[in-house]
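Report on the structure given below.
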Amino acid sequence: MKSIFIVANWKSNKTVAEAEIWLESFKPPVTDRTVIICAPFTLLHLLHERKSGFELGAQDVSPFGEGAFTGAINARQLKELVSWVLIGHSERRKYFGETDETLAQKVTQAKAAGLRVLYCVQDEKTPIPGGVEAVAYEPVWAIGTGKTDTPPNANGVITAIKKTSNVPIVLYGGSVSGGNIASFVSQPSIDGVLVGGGSLDPDIFVQILANAAAS
Ligand code: PGA
């Protein structure tokens with residue numbers, strides 16, 4: 001049986017106090033699924049200390065190394081707290097003007113520090129830098145809209161991504177919920193999902209995990 005990855009992307013949500021409440025209510029079902037929580041920088045220390053039943057990821061990393069780069073969090077700093085980093089989310093491209101070139105620099109920094117990279121693409125044409133461990137296919141129109149790609153179409157795009165990139169793990173993202181997760185992870189090429197809104201409430205996220213485990 002293939003391994004399935006369920007990745008939570010909390011985006012720019014939650015204070016420390018709110019993350020503590022989430023952790024207290026999070027009762028994950030017993031599952032062989034890999035769960036990764038990608039949290040804001042300000043919550044990584046807390047989640048690192050209280051990590052149980054999930055791996056930890058950051059949502060971004062500096063394209064530079066250590067030094068005079070005010071406000072930037074570099075890959076070596078992250079490596080103390082997380083094993084994964086999300087790079088290239090379409091919101092980073094849209095709101096922060098990140099280009100393929102900047103994103104490739106981020107991947108280089110992450111790899112040099114020994115982080116595993118989950119790289120987001122919008123379709124099968126988005127260039128993927130070498131060395132990434134996993135890719136998430138996320139059509140922009142499906143993010144936070146309640147509209148998903150159809151599972152067979154997502155499976156087709158993911159098959160094409162695997163063929164051209166040689167990346168072995170490719171996930172689907174965009175309005176994944178407890179009601180639709182099984183239809184995605186049961187597709188032969190889809191190795192899991194990236195969940196935004198559905199990961200913010202612990203009970204809803206547990207339902208997603210439970211339904212993924214059952215499928
Ligand atoms: P969504 O976000 O699940 O809220 O659509 C997914 C993502 O942007 O990673």
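Letters for chains follow the order of the structure tokens (A, B, ...), residue numbers begin at 1 for each chain, and ligand numbers begin at 1 in the order shown.
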
Could you give me, as a list of chain:residue names, the residues within 10 Å of Thr126 in chain A, counting only C-alpha atoms and dropping anything in the same chain fewer than 5 positions from it?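 Within the cut-off, the hits are A:Asp100, A:Cys120, A:Val121, A:Tyr137, A:Ile161.
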
Given the selection you just returned, output its residues as a file containing N, CA and C atoms, formatted as a compact mmCIF listing (two decimals), in the first residue's frame.
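The resulting file, result24.txt, is shown below:
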```txt
# COMPACT_ATOMS: atom_id res chain seq x y z
N ASP A 100 10.09 32.21 -9.95
CA ASP A 100 10.71 30.88 -10.05
C ASP A 100 12.16 30.95 -9.56
N CYS A 120 5.21 23.75 -4.07
CA CYS A 120 3.86 23.88 -4.63
C CYS A 120 3.92 24.27 -6.10
N VAL A 121 3.07 23.66 -6.89
CA VAL A 121 2.95 24.03 -8.30
C VAL A 121 1.47 24.25 -8.63
N TYR A 137 0.32 19.75 -6.00
CA TYR A 137 -0.39 20.37 -7.13
C TYR A 137 -1.61 21.08 -6.57
N ILE A 161 3.11 15.29 -13.68
CA ILE A 161 4.16 15.92 -12.86
C ILE A 161 5.20 14.87 -12.46
```

Neighbours of ligand 1 within 8 Å, counting only C-alpha atoms and all ligand atoms, as a PDB file with N, CA and C atoms, in the first residue's frame?
```pdb
ATOM      1  N   ALA A   8      -0.987  19.893   6.807  1.00  0.00           N
ATOM      2  CA  ALA A   8      -1.792  21.055   7.199  1.00  0.00           C
ATOM      3  C   ALA A   8      -0.998  22.318   6.905  1.00  0.00           C
ATOM      4  N   ASN A   9      -1.659  23.301   6.301  1.00  0.00           N
ATOM      5  CA  ASN A   9      -1.039  24.604   6.062  1.00  0.00           C
ATOM      6  C   ASN A   9      -1.875  25.643   6.812  1.00  0.00           C
ATOM      7  N   LYS A  11      -1.236  28.680   7.264  1.00  0.00           N
ATOM      8  CA  LYS A  11      -1.125  30.027   6.672  1.00  0.00           C
ATOM      9  C   LYS A  11      -0.890  31.063   7.775  1.00  0.00           C
ATOM     10  N   HIS A  89       4.299  28.347  -2.457  1.00  0.00           N
ATOM     11  CA  HIS A  89       2.830  28.414  -2.417  1.00  0.00           C
ATOM     12  C   HIS A  89       2.359  29.578  -3.299  1.00  0.00           C
ATOM     13  N   SER A  90       1.225  29.398  -3.968  1.00  0.00           N
ATOM     14  CA  SER A  90       0.772  30.439  -4.915  1.00  0.00           C
ATOM     15  C   SER A  90       0.512  31.772  -4.207  1.00  0.00           C
ATOM     16  N   GLU A  91       0.209  31.723  -2.894  1.00  0.00           N
ATOM     17  CA  GLU A  91       0.026  32.995  -2.165  1.00  0.00           C
ATOM     18  C   GLU A  91       1.350  33.734  -2.021  1.00  0.00           C
ATOM     19  N   GLU A 138      -1.624  22.416  -6.725  1.00  0.00           N
ATOM     20  CA  GLU A 138      -2.735  23.209  -6.195  1.00  0.00           C
ATOM     21  C   GLU A 138      -3.239  24.190  -7.253  1.00  0.00           C
ATOM     22  N   ALA A 142      -8.888  26.656  -6.896  1.00  0.00           N
ATOM     23  CA  ALA A 142      -9.471  25.708  -5.914  1.00  0.00           C
ATOM     24  C   ALA A 142      -9.067  26.054  -4.485  1.00  0.00           C
ATOM     25  N   ILE A 143      -8.164  27.022  -4.324  1.00  0.00           N
ATOM     26  CA  ILE A 143      -7.663  27.312  -2.971  1.00  0.00           C
ATOM     27  C   ILE A 143      -8.658  28.196  -2.217  1.00  0.00           C
ATOM     28  N   GLY A 144      -9.175  27.647  -1.120  1.00  0.00           N
ATOM     29  CA  GLY A 144     -10.070  28.403  -0.246  1.00  0.00           C
ATOM     30  C   GLY A 144     -11.411  28.745  -0.864  1.00  0.00           C
ATOM     31  N   THR A 145     -11.790  28.095  -1.951  1.00  0.00           N
ATOM     32  CA  THR A 145     -13.030  28.456  -2.649  1.00  0.00           C
ATOM     33  C   THR A 145     -14.155  27.456  -2.429  1.00  0.00           C
ATOM     34  N   GLY A 146     -13.822  26.285  -1.888  1.00  0.00           N
ATOM     35  CA  GLY A 146     -14.837  25.240  -1.772  1.00  0.00           C
ATOM     36  C   GLY A 146     -15.002  24.456  -3.071  1.00  0.00           C
ATOM     37  N   GLY A 173      -3.848  19.736  -3.525  1.00  0.00           N
ATOM     38  CA  GLY A 173      -4.334  20.736  -2.571  1.00  0.00           C
ATOM     39  C   GLY A 173      -5.359  21.634  -3.213  1.00  0.00           C
ATOM     40  N   GLY A 174      -6.340  22.084  -2.408  1.00  0.00           N
ATOM     41  CA  GLY A 174      -7.382  22.987  -2.887  1.00  0.00           C
ATOM     42  C   GLY A 174      -8.736  22.516  -2.407  1.00  0.00           C
ATOM     43  N   SER A 175      -9.208  23.151  -1.288  1.00  0.00           N
ATOM     44  CA  SER A 175     -10.540  22.869  -0.743  1.00  0.00           C
ATOM     45  C   SER A 175     -10.750  21.406  -0.355  1.00  0.00           C
ATOM     46  N   VAL A 176      -9.686  20.787   0.165  1.00  0.00           N
ATOM     47  CA  VAL A 176      -9.841  19.404   0.656  1.00  0.00           C
ATOM     48  C   VAL A 176     -10.622  19.437   1.977  1.00  0.00           C
ATOM     49  N   SER A 177     -11.560  18.504   2.113  1.00  0.00           N
ATOM     50  CA  SER A 177     -12.408  18.436   3.307  1.00  0.00           C
ATOM     51  C   SER A 177     -12.581  16.973   3.714  1.00  0.00           C
ATOM     52  N   LEU A 194      -2.756  18.537   0.680  1.00  0.00           N
ATOM     53  CA  LEU A 194      -2.342  19.737   1.419  1.00  0.00           C
ATOM     54  C   LEU A 194      -3.631  20.457   1.795  1.00  0.00           C
ATOM     55  N   VAL A 195      -3.827  20.650   3.089  1.00  0.00           N
ATOM     56  CA  VAL A 195      -5.113  21.149   3.588  1.00  0.00           C
ATOM     57  C   VAL A 195      -4.921  22.510   4.247  1.00  0.00           C
ATOM     58  N   GLY A 196      -5.603  23.532   3.756  1.00  0.00           N
ATOM     59  CA  GLY A 196      -5.524  24.857   4.362  1.00  0.00           C
ATOM     60  C   GLY A 196      -6.623  25.043   5.394  1.00  0.00           C
ATOM     61  N   GLY A 197      -7.745  25.630   4.966  1.00  0.00           N
ATOM     62  CA  GLY A 197      -8.857  25.946   5.868  1.00  0.00           C
ATOM     63  C   GLY A 197      -9.296  24.770   6.734  1.00  0.00           C
ATOM     64  N   GLY A 198      -9.299  23.576   6.166  1.00  0.00           N
ATOM     65  CA  GLY A 198      -9.759  22.386   6.883  1.00  0.00           C
ATOM     66  C   GLY A 198      -8.824  21.923   7.991  1.00  0.00           C
ATOM     67  N   SER A 199      -7.669  22.581   8.132  1.00  0.00           N
ATOM     68  CA  SER A 199      -6.746  22.156   9.192  1.00  0.00           C
ATOM     69  C   SER A 199      -6.802  23.073  10.412  1.00  0.00           C
TER      70      SER A 199
END
```

Test item: residues at most 10 Å from range 165-168 of chain A, only C-alpha atoms, excluding those fewer than 5 positions along its chain, as a count of residues only: 13

Let's see if you can do this: from backbone DSSP, list all strand (DSSP E or B) residues in chain A, as a VMD selection string. chain A and resid 5 to 9 34 to 39 55 to 58 84 to 87 116 to 121 134 to 137 169 to 173 192 to 195

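If you look at CA of Val117 in chain A and CA of Ile87 in chain A, they are 6.8 Å away from each other.
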
Please determine, counting only C-alpha atoms, which residue among A:Ser183, A:Asn155, A:Ser62, A:Gln122 has the shortest atom-to-atom distance to Val140 in chain A.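 Among the listed residues, the smallest separation from Val140 in chain A belongs to A:Gln122.
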
What is the distance, in Å and to one decimal place, between CA of Ile37 in chain A and CA of Leu56 in chain A?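 Separation of CA of Ile37 in chain A and CA of Leu56 in chain A: 5.1 Å.
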
So which one's closest to Lys106 in chain A, A:Gly71, A:Pro63, A:Pro139, A:Pro29? Using only C-alpha atoms, please. A:Pro63

Could you tell me which of A:Ser25, A:Phe64, A:Thr31, A:Phe184 comes closest to Ile204 in chain A if we count only C-alpha atoms?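 The shortest atom-to-atom distance to Ile204 in chain A comes from A:Ser25.
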
Could you check the closest approach to Lys111 in chain A for each of A:Thr70, A:Thr148, A:Asn153, A:Val61 and tell me which residue wins, using only C-alpha atoms?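 Nearest candidate to Lys111 in chain A out of A:Thr70, A:Thr148, A:Asn153, A:Val61: A:Val61.
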
Residue with the minimum atom-to-atom distance to Trp22 in chain A, picked from A:Ala214, A:Val206, A:Ala68, A:Ile190 with only C-alpha atoms counted, is A:Val206
